file coords.tsv (TSV, N, CA and C atoms)
chain	number	residue	atom	x	y	z
B	1	MET	N	-56.16	93.35	-260.23
B	1	MET	CA	-57.15	93.72	-259.25
B	1	MET	C	-56.51	94.64	-258.21
B	2	THR	N	-57.21	95.65	-257.79
B	2	THR	CA	-56.69	96.58	-256.80
B	2	THR	C	-57.15	96.19	-255.41
B	3	ILE	N	-56.51	96.76	-254.39
B	3	ILE	CA	-56.92	96.47	-253.02
B	3	ILE	C	-58.33	96.98	-252.75
B	4	ASN	N	-58.74	98.05	-253.42
B	4	ASN	CA	-60.11	98.55	-253.23
B	4	ASN	C	-61.14	97.53	-253.69
B	5	ALA	N	-60.84	96.82	-254.76
B	5	ALA	CA	-61.75	95.77	-255.22
B	5	ALA	C	-61.78	94.62	-254.23
B	6	VAL	N	-60.64	94.30	-253.65
B	6	VAL	CA	-60.59	93.22	-252.66
B	6	VAL	C	-61.36	93.62	-251.41
B	7	LEU	N	-61.12	94.83	-250.92
B	7	LEU	CA	-61.80	95.29	-249.71
B	7	LEU	C	-63.30	95.46	-249.94
B	8	GLY	N	-63.70	95.69	-251.19
B	8	GLY	CA	-65.11	95.82	-251.52
B	8	GLY	C	-65.88	94.52	-251.41
B	9	THR	N	-65.18	93.40	-251.26
B	9	THR	CA	-65.84	92.11	-251.15
B	9	THR	C	-66.13	91.72	-249.71
B	10	THR	N	-65.88	92.63	-248.76
B	10	THR	CA	-66.16	92.32	-247.36
B	10	THR	C	-67.65	92.41	-247.09
B	11	HIS	N	-68.03	92.12	-245.89
B	11	HIS	CA	-69.45	92.08	-245.50
B	11	HIS	C	-69.98	93.49	-245.24
B	12	ASP	N	-70.09	94.30	-246.29
B	12	ASP	CA	-70.47	95.70	-246.15
B	12	ASP	C	-71.85	95.90	-245.55
B	13	ARG	N	-72.74	94.98	-245.74
B	13	ARG	CA	-74.10	95.22	-245.28
B	13	ARG	C	-74.22	95.23	-243.75
B	14	TRP	N	-73.22	94.76	-243.04
B	14	TRP	CA	-73.26	94.76	-241.58
B	14	TRP	C	-72.42	95.87	-240.96
B	15	HIS	N	-71.61	96.59	-241.76
B	15	HIS	CA	-70.71	97.59	-241.21
B	15	HIS	C	-71.43	98.74	-240.54
B	16	TRP	N	-72.65	99.06	-240.92
B	16	TRP	CA	-73.40	100.15	-240.29
B	16	TRP	C	-73.70	99.81	-238.83
B	17	LEU	N	-73.68	98.55	-238.47
B	17	LEU	CA	-73.87	98.13	-237.08
B	17	LEU	C	-72.55	98.03	-236.32
B	18	GLY	N	-71.45	98.26	-237.02
B	18	GLY	CA	-70.14	98.07	-236.40
B	18	GLY	C	-69.70	96.62	-236.42
B	19	LEU	N	-70.35	95.83	-237.28
B	19	LEU	CA	-70.01	94.42	-237.38
B	19	LEU	C	-69.38	94.15	-238.73
B	20	PRO	N	-68.54	93.23	-238.89
B	20	PRO	CA	-67.93	92.44	-237.82
B	20	PRO	C	-66.82	93.25	-237.14
B	21	PRO	N	-66.43	92.84	-235.94
B	21	PRO	CA	-65.33	93.52	-235.25
B	21	PRO	C	-64.06	93.47	-236.10
B	22	SER	N	-63.28	94.53	-236.02
B	22	SER	CA	-62.05	94.59	-236.81
B	22	SER	C	-61.00	95.42	-236.07
B	23	TYR	N	-59.78	95.37	-236.59
B	23	TYR	CA	-58.68	96.14	-236.02
B	23	TYR	C	-57.73	96.48	-237.16
B	24	GLU	N	-57.23	97.73	-237.18
B	24	GLU	CA	-56.33	98.15	-238.24
B	24	GLU	C	-55.24	99.05	-237.68
B	25	VAL	N	-54.03	98.89	-238.22
B	25	VAL	CA	-52.89	99.72	-237.87
B	25	VAL	C	-52.18	100.10	-239.16
B	26	SER	N	-51.71	101.35	-239.23
B	26	SER	CA	-50.93	101.82	-240.37
B	26	SER	C	-49.59	102.34	-239.87
B	27	THR	N	-48.52	102.00	-240.58
B	27	THR	CA	-47.18	102.44	-240.20
B	27	THR	C	-46.27	102.43	-241.41
B	28	ARG	N	-45.12	103.05	-241.28
B	28	ARG	CA	-44.13	103.10	-242.36
B	28	ARG	C	-42.90	102.27	-241.98
B	29	PHE	N	-42.34	101.60	-242.98
B	29	PHE	CA	-41.13	100.82	-242.79
B	29	PHE	C	-40.07	101.30	-243.77
B	30	PRO	N	-38.79	101.13	-243.42
B	30	PRO	CA	-37.73	101.50	-244.37
B	30	PRO	C	-37.67	100.49	-245.51
B	31	GLY	N	-37.25	100.97	-246.68
B	31	GLY	CA	-37.08	100.08	-247.83
B	31	GLY	C	-37.84	100.58	-249.04
B	32	SER	N	-37.57	99.95	-250.17
B	32	SER	CA	-38.26	100.31	-251.40
B	32	SER	C	-39.65	99.66	-251.41
B	33	ARG	N	-40.48	100.08	-252.32
B	33	ARG	CA	-41.83	99.51	-252.44
B	33	ARG	C	-41.77	98.01	-252.68
B	34	GLU	N	-40.85	97.57	-253.53
B	34	GLU	CA	-40.72	96.15	-253.84
B	34	GLU	C	-40.29	95.36	-252.60
B	35	GLN	N	-39.32	95.88	-251.85
B	35	GLN	CA	-38.86	95.20	-250.64
B	35	GLN	C	-39.98	95.10	-249.61
B	36	ILE	N	-40.70	96.19	-249.43
B	36	ILE	CA	-41.78	96.19	-248.45
B	36	ILE	C	-42.90	95.26	-248.88
B	37	SER	N	-43.24	95.25	-250.16
B	37	SER	CA	-44.29	94.38	-250.67
B	37	SER	C	-43.94	92.91	-250.47
B	38	GLN	N	-42.70	92.53	-250.79
B	38	GLN	CA	-42.27	91.15	-250.58
B	38	GLN	C	-42.24	90.80	-249.10
B	39	ALA	N	-41.82	91.75	-248.28
B	39	ALA	CA	-41.78	91.52	-246.83
B	39	ALA	C	-43.18	91.34	-246.26
B	40	CYS	N	-44.14	92.06	-246.79
B	40	CYS	CA	-45.53	91.91	-246.34
B	40	CYS	C	-46.04	90.50	-246.61
B	41	GLN	N	-45.77	90.00	-247.81
B	41	GLN	CA	-46.20	88.65	-248.15
B	41	GLN	C	-45.51	87.61	-247.26
B	42	GLU	N	-44.23	87.79	-247.02
B	42	GLU	CA	-43.48	86.86	-246.16
B	42	GLU	C	-43.97	86.94	-244.72
B	43	ALA	N	-44.26	88.14	-244.24
B	43	ALA	CA	-44.75	88.30	-242.86
B	43	ALA	C	-46.10	87.62	-242.67
B	44	VAL	N	-46.95	87.69	-243.68
B	44	VAL	CA	-48.25	87.01	-243.60
B	44	VAL	C	-48.04	85.50	-243.52
B	45	ARG	N	-47.14	84.97	-244.33
B	45	ARG	CA	-46.85	83.52	-244.30
B	45	ARG	C	-46.25	83.11	-242.96
B	46	GLN	N	-45.27	83.89	-242.47
B	46	GLN	CA	-44.64	83.57	-241.18
B	46	GLN	C	-45.63	83.62	-240.03
B	47	SER	N	-46.67	84.42	-240.19
B	47	SER	CA	-47.68	84.55	-239.14
B	47	SER	C	-48.65	83.37	-239.12
B	48	GLY	N	-48.55	82.51	-240.11
B	48	GLY	CA	-49.38	81.31	-240.13
B	48	GLY	C	-50.71	81.48	-240.84
B	49	PHE	N	-50.89	82.56	-241.58
B	49	PHE	CA	-52.13	82.77	-242.31
B	49	PHE	C	-52.03	82.15	-243.69
B	50	ARG	N	-53.17	81.78	-244.23
B	50	ARG	CA	-53.22	81.21	-245.58
B	50	ARG	C	-53.47	82.34	-246.57
B	51	VAL	N	-52.52	82.56	-247.47
B	51	VAL	CA	-52.66	83.62	-248.47
B	51	VAL	C	-53.73	83.19	-249.47
B	52	ARG	N	-54.75	84.01	-249.62
B	52	ARG	CA	-55.82	83.73	-250.57
B	52	ARG	C	-55.53	84.35	-251.92
B	53	ARG	N	-55.13	85.62	-251.90
B	53	ARG	CA	-54.78	86.35	-253.12
B	53	ARG	C	-53.70	87.36	-252.78
B	54	SER	N	-52.89	87.70	-253.77
B	54	SER	CA	-51.89	88.74	-253.56
B	54	SER	C	-51.46	89.32	-254.89
B	55	ASP	N	-50.90	90.50	-254.83
B	55	ASP	CA	-50.38	91.19	-256.00
B	55	ASP	C	-49.16	91.97	-255.54
B	56	LEU	N	-47.96	91.42	-255.79
B	56	LEU	CA	-46.73	92.09	-255.36
B	56	LEU	C	-46.57	93.45	-256.01
B	57	ALA	N	-46.90	93.56	-257.30
B	57	ALA	CA	-46.77	94.84	-257.99
B	57	ALA	C	-47.77	95.86	-257.43
B	58	GLY	N	-48.96	95.40	-257.10
B	58	GLY	CA	-49.98	96.28	-256.52
B	58	GLY	C	-49.75	96.56	-255.06
B	59	GLY	N	-48.94	95.72	-254.41
B	59	GLY	CA	-48.60	95.94	-253.02
B	59	GLY	C	-49.68	95.52	-252.02
B	60	TRP	N	-50.34	94.38	-252.27
B	60	TRP	CA	-51.34	93.93	-251.31
B	60	TRP	C	-51.38	92.41	-251.19
B	61	VAL	N	-51.85	91.98	-250.02
B	61	VAL	CA	-52.01	90.56	-249.71
B	61	VAL	C	-53.33	90.39	-248.98
B	62	GLU	N	-54.10	89.42	-249.39
B	62	GLU	CA	-55.33	89.04	-248.69
B	62	GLU	C	-55.11	87.63	-248.15
B	63	ALA	N	-55.37	87.44	-246.87
B	63	ALA	CA	-55.14	86.14	-246.25
B	63	ALA	C	-56.30	85.79	-245.34
B	64	ARG	N	-56.24	84.58	-244.83
B	64	ARG	CA	-57.31	84.08	-243.97
B	64	ARG	C	-56.70	83.37	-242.77
B	65	ALA	N	-57.19	83.71	-241.59
B	65	ALA	CA	-56.81	83.00	-240.37
B	65	ALA	C	-57.73	81.80	-240.21
B	66	ARG	N	-57.20	80.75	-239.69
B	66	ARG	CA	-57.98	79.52	-239.55
B	66	ARG	C	-59.01	79.61	-238.44
B	67	ILE	N	-60.00	78.76	-238.54
B	67	ILE	CA	-60.99	78.63	-237.48
B	67	ILE	C	-60.30	78.02	-236.27
B	68	SER	N	-60.61	78.55	-235.10
B	68	SER	CA	-60.01	78.05	-233.86
B	68	SER	C	-61.07	78.03	-232.77
B	69	THR	N	-60.67	77.65	-231.58
B	69	THR	CA	-61.60	77.65	-230.46
B	69	THR	C	-61.97	79.07	-230.05
B	70	ARG	N	-61.17	80.06	-230.48
B	70	ARG	CA	-61.43	81.46	-230.14
B	70	ARG	C	-62.25	82.20	-231.19
B	71	SER	N	-62.31	81.69	-232.42
B	71	SER	CA	-63.03	82.44	-233.46
B	71	SER	C	-63.40	81.54	-234.64
B	72	TRP	N	-64.26	82.09	-235.51
B	72	TRP	CA	-64.65	81.42	-236.74
B	72	TRP	C	-63.70	81.74	-237.87
B	73	GLY	N	-62.61	82.43	-237.56
B	73	GLY	CA	-61.63	82.81	-238.57
B	73	GLY	C	-61.73	84.29	-238.88
B	74	GLU	N	-60.65	84.83	-239.44
B	74	GLU	CA	-60.60	86.25	-239.77
B	74	GLU	C	-60.05	86.44	-241.18
B	75	ASN	N	-60.47	87.52	-241.80
B	75	ASN	CA	-59.88	87.96	-243.06
B	75	ASN	C	-58.82	88.98	-242.70
B	76	VAL	N	-57.63	88.81	-243.26
B	76	VAL	CA	-56.50	89.68	-242.96
B	76	VAL	C	-56.07	90.34	-244.27
B	77	TYR	N	-55.89	91.66	-244.23
B	77	TYR	CA	-55.47	92.42	-245.40
B	77	TYR	C	-54.22	93.22	-245.06
B	78	VAL	N	-53.23	93.16	-245.94
B	78	VAL	CA	-52.02	93.96	-245.81
B	78	VAL	C	-51.81	94.64	-247.14
B	79	TYR	N	-51.70	95.97	-247.12
B	79	TYR	CA	-51.48	96.67	-248.38
B	79	TYR	C	-50.67	97.94	-248.18
B	80	LEU	N	-50.02	98.35	-249.26
B	80	LEU	CA	-49.23	99.58	-249.30
B	80	LEU	C	-50.02	100.65	-250.03
B	81	ASP	N	-50.02	101.86	-249.48
B	81	ASP	CA	-50.65	102.95	-250.21
B	81	ASP	C	-49.62	103.61	-251.11
B	82	ASP	N	-49.99	104.71	-251.74
B	82	ASP	CA	-49.09	105.37	-252.69
B	82	ASP	C	-47.85	105.97	-252.05
B	83	GLU	N	-47.90	106.23	-250.74
B	83	GLU	CA	-46.73	106.77	-250.02
B	83	GLU	C	-45.93	105.66	-249.33
B	84	ASN	N	-46.16	104.41	-249.70
B	84	ASN	CA	-45.48	103.23	-249.12
B	84	ASN	C	-45.76	103.06	-247.64
B	85	GLN	N	-46.91	103.51	-247.18
B	85	GLN	CA	-47.33	103.25	-245.81
B	85	GLN	C	-48.04	101.90	-245.78
B	86	VAL	N	-47.69	101.06	-244.82
B	86	VAL	CA	-48.26	99.73	-244.70
B	86	VAL	C	-49.52	99.78	-243.85
B	87	HIS	N	-50.60	99.23	-244.37
B	87	HIS	CA	-51.87	99.14	-243.65
B	87	HIS	C	-52.15	97.67	-243.40
B	88	VAL	N	-52.34	97.31	-242.15
B	88	VAL	CA	-52.63	95.92	-241.79
B	88	VAL	C	-53.98	95.92	-241.08
B	89	SER	N	-54.91	95.11	-241.57
B	89	SER	CA	-56.22	95.03	-240.92
B	89	SER	C	-56.65	93.57	-240.82
B	90	SER	N	-57.48	93.33	-239.83
B	90	SER	CA	-58.04	92.01	-239.60
B	90	SER	C	-59.49	92.20	-239.20
B	91	GLU	N	-60.38	91.42	-239.80
B	91	GLU	CA	-61.79	91.48	-239.43
B	91	GLU	C	-62.35	90.07	-239.35
B	92	CYS	N	-63.29	89.90	-238.48
B	92	CYS	CA	-63.90	88.59	-238.29
B	92	CYS	C	-64.58	88.15	-239.59
B	93	TRP	N	-64.40	86.87	-239.91
B	93	TRP	CA	-64.97	86.33	-241.14
B	93	TRP	C	-66.49	86.26	-241.05
B	94	TRP	N	-67.01	85.81	-239.94
B	94	TRP	CA	-68.45	85.67	-239.77
B	94	TRP	C	-69.05	87.06	-239.58
B	95	PRO	N	-69.95	87.51	-240.45
B	95	PRO	CA	-70.39	88.90	-240.46
B	95	PRO	C	-71.16	89.36	-239.23
B	96	VAL	N	-71.75	88.47	-238.49
B	96	VAL	CA	-72.53	88.89	-237.32
B	96	VAL	C	-71.81	88.59	-236.00
B	97	THR	N	-70.49	88.42	-236.05
B	97	THR	CA	-69.71	88.25	-234.83
B	97	THR	C	-69.78	89.55	-234.05
B	98	VAL	N	-70.07	89.46	-232.76
B	98	VAL	CA	-70.22	90.65	-231.94
B	98	VAL	C	-68.94	90.96	-231.17
B	99	ILE	N	-68.26	89.94	-230.67
B	99	ILE	CA	-67.04	90.12	-229.88
B	99	ILE	C	-65.93	89.28	-230.50
B	100	ASP	N	-64.76	89.89	-230.66
B	100	ASP	CA	-63.65	89.14	-231.26
B	100	ASP	C	-62.64	88.67	-230.22
B	101	TRP	N	-62.83	89.01	-228.95
B	101	TRP	CA	-61.97	88.58	-227.85
B	101	TRP	C	-60.50	88.95	-228.08
B	102	GLY	N	-60.25	90.05	-228.82
B	102	GLY	CA	-58.90	90.52	-229.05
B	102	GLY	C	-58.15	89.80	-230.17
B	103	LYS	N	-58.83	88.90	-230.85
B	103	LYS	CA	-58.17	88.09	-231.89
B	103	LYS	C	-57.72	88.94	-233.07
B	104	ASN	N	-58.50	89.94	-233.50
B	104	ASN	CA	-58.10	90.79	-234.61
B	104	ASN	C	-56.86	91.61	-234.26
B	105	ARG	N	-56.82	92.15	-233.07
B	105	ARG	CA	-55.63	92.90	-232.63
B	105	ARG	C	-54.41	91.99	-232.59
B	106	TRP	N	-54.58	90.78	-232.11
B	106	TRP	CA	-53.50	89.82	-232.03
B	106	TRP	C	-52.97	89.48	-233.42
B	107	ASN	N	-53.88	89.31	-234.40
B	107	ASN	CA	-53.48	89.02	-235.78
B	107	ASN	C	-52.63	90.15	-236.36
B	108	VAL	N	-53.10	91.39	-236.18
B	108	VAL	CA	-52.38	92.55	-236.72
B	108	VAL	C	-51.01	92.69	-236.06
B	109	ARG	N	-50.96	92.54	-234.76
B	109	ARG	CA	-49.67	92.66	-234.07
B	109	ARG	C	-48.69	91.56	-234.47
B	110	ARG	N	-49.19	90.38	-234.73
B	110	ARG	CA	-48.33	89.28	-235.16
B	110	ARG	C	-47.70	89.60	-236.52
B	111	ILE	N	-48.47	90.14	-237.44
B	111	ILE	CA	-47.93	90.52	-238.75
B	111	ILE	C	-46.92	91.65	-238.59
B	112	LEU	N	-47.24	92.66	-237.78
B	112	LEU	CA	-46.31	93.78	-237.59
B	112	LEU	C	-45.02	93.33	-236.92
B	113	THR	N	-45.10	92.38	-236.01
B	113	THR	CA	-43.89	91.84	-235.38
B	113	THR	C	-43.01	91.16	-236.42
B	114	ASN	N	-43.62	90.37	-237.30
B	114	ASN	CA	-42.84	89.71	-238.36
B	114	ASN	C	-42.31	90.71	-239.37
B	115	LEU	N	-43.06	91.74	-239.71
B	115	LEU	CA	-42.57	92.78	-240.61
B	115	LEU	C	-41.37	93.50	-240.00
B	116	THR	N	-41.44	93.76	-238.70
B	116	THR	CA	-40.33	94.42	-238.02
B	116	THR	C	-39.08	93.54	-238.03
B	117	SER	N	-39.24	92.25	-237.87
B	117	SER	CA	-38.07	91.36	-237.89
B	117	SER	C	-37.46	91.27	-239.30
B	118	ILE	N	-38.27	91.45	-240.33
B	118	ILE	CA	-37.78	91.40	-241.71
B	118	ILE	C	-37.18	92.73	-242.16
B	119	LEU	N	-37.88	93.83	-241.90
B	119	LEU	CA	-37.49	95.13	-242.43
B	119	LEU	C	-36.77	96.05	-241.44
B	120	GLY	N	-36.87	95.76	-240.17
B	120	GLY	CA	-36.33	96.67	-239.16
B	120	GLY	C	-37.45	97.49	-238.56
B	121	SER	N	-37.11	98.35	-237.64
B	121	SER	CA	-38.11	99.14	-236.91
B	121	SER	C	-38.86	100.10	-237.83
B	122	PRO	N	-40.17	100.24	-237.60
B	122	PRO	CA	-40.93	101.22	-238.37
B	122	PRO	C	-40.54	102.64	-237.94
B	123	TYR	N	-40.83	103.60	-238.78
B	123	TYR	CA	-40.57	104.98	-238.42
B	123	TYR	C	-41.80	105.81	-238.57

call {"tool": "encode", "arguments": {"input": "coords.tsv", "output": "structure tokens"}}
result
Amino acid sequence: MTINAVLGTTHDRWHWLGLPPSYEVSTRFPGSREQISQACQEAVRQSGFRVRRSDLAGGWVEARARISTRSWGENVYVYLDDENQVHVSSECWWPVTVIDWGKNRWNVRRILTNLTSILGSPY
């Protein structure tokens, strides 16, 4: 399964309204595709997310943040494109969530912090 197939399972019918809230960052890290792919999976685990599906060869991880007092949970995606650029995104699980209170940004930054501790500074 490719990351496009995974991303295609999101709540597309609400995206025209800008829902659910989301946050995404793309950056490059030093290392081979295999090293970066393994580091992405480890960073997701260290961040406390539950890995739902992953494909190390394909270079992607789909995870879920738990329900908390701040949110109903988020879907978190980490994937490598063909140029080994890492894309990290987080979107609210509940499709009609209007405000995420910064939780998606916090999720993405937590993964990037763990990736930086594993791979070194991005360039």

call {"tool": "residues_around", "arguments": {"input": "coords.tsv", "residues": "region 107-112 of chain B", "least_positions_apart": "4", "cutoff": "10 Å", "atoms": "only C-alpha atoms", "output": "ChimeraX atom specification"}}
result
/B:22-27,40-49,65,74-78,86-91,102-103,116-118,121-122

call {"tool": "select_by_dssp", "arguments": {"input": "coords.tsv", "residues": "region 14-118 of chain B", "states": "alpha helix (DSSP H)", "output": "PyMOL selection string"}}
result
chain B and resi 33-46+103-118

call {"tool": "atom_distance", "arguments": {"input": "coords.tsv", "atom1": "CA of Ala39 (chain B)", "atom2": "CA of Asn104 (chain B)"}}
result
20.4 Å

call {"tool": "residues_near_point", "arguments": {"input": "coords.tsv", "point": "(-70.7, 90.9, -232.2)", "cutoff": "8 Å", "atoms": "all atoms listed in the file", "output": "PyMOL selection string"}}
result
chain B and resi 18-21+95-100

call {"tool": "closest_residue", "arguments": {"input": "coords.tsv", "among": "B:Gln38, B:Gly73, B:Leu80, B:Trp93", "to": "Gly58 (chain B)", "atoms": "only N, CA and C atoms"}}
result
B:Leu80

call {"tool": "closest_residue", "arguments": {"input": "coords.tsv", "among": "B:Ser71, B:Gln85, B:Ser54, B:Asn114", "to": "Phe29 (chain B)", "atoms": "only N, CA and C atoms"}}
result
B:Gln85

call {"tool": "residues_near_point", "arguments": {"input": "coords.tsv", "point": "(-46.5, 95.4, -260.4)", "cutoff": "12 Å", "atoms": "only C-alpha atoms", "output": "list in words"}}
result
Met1, Thr2, Arg33, Glu34, Ser37, Gln38, Ser54, Asp55, Leu56, Ala57, Gly58, Gly59 and Trp60 of chain B

call {"tool": "residues_around", "arguments": {"input": "coords.tsv", "residues": "Pro30 (chain B)", "least_positions_apart": "2", "cutoff": "7 Å", "atoms": "all atoms listed in the file", "output": "PyMOL selection string"}}
result
chain B and resi 28+32+36+119-123

call {"tool": "atom_distance", "arguments": {"input": "coords.tsv", "atom1": "CA of Gln35 (chain B)", "atom2": "CA of Arg66 (chain B)"}}
result
27.1 Å

call {"tool": "atom_distance", "arguments": {"input": "coords.tsv", "atom1": "atom N of Ile67 (chain B)", "atom2": "atom N of Trp94 (chain B)"}}
result
10.0 Å

call {"tool": "select_by_dssp", "arguments": {"input": "coords.tsv", "residues": "chain B", "states": "strand (DSSP E)", "output": "ChimeraX atom specification"}}
result
/B:22-28,50-55,60-64,74-80,85-92
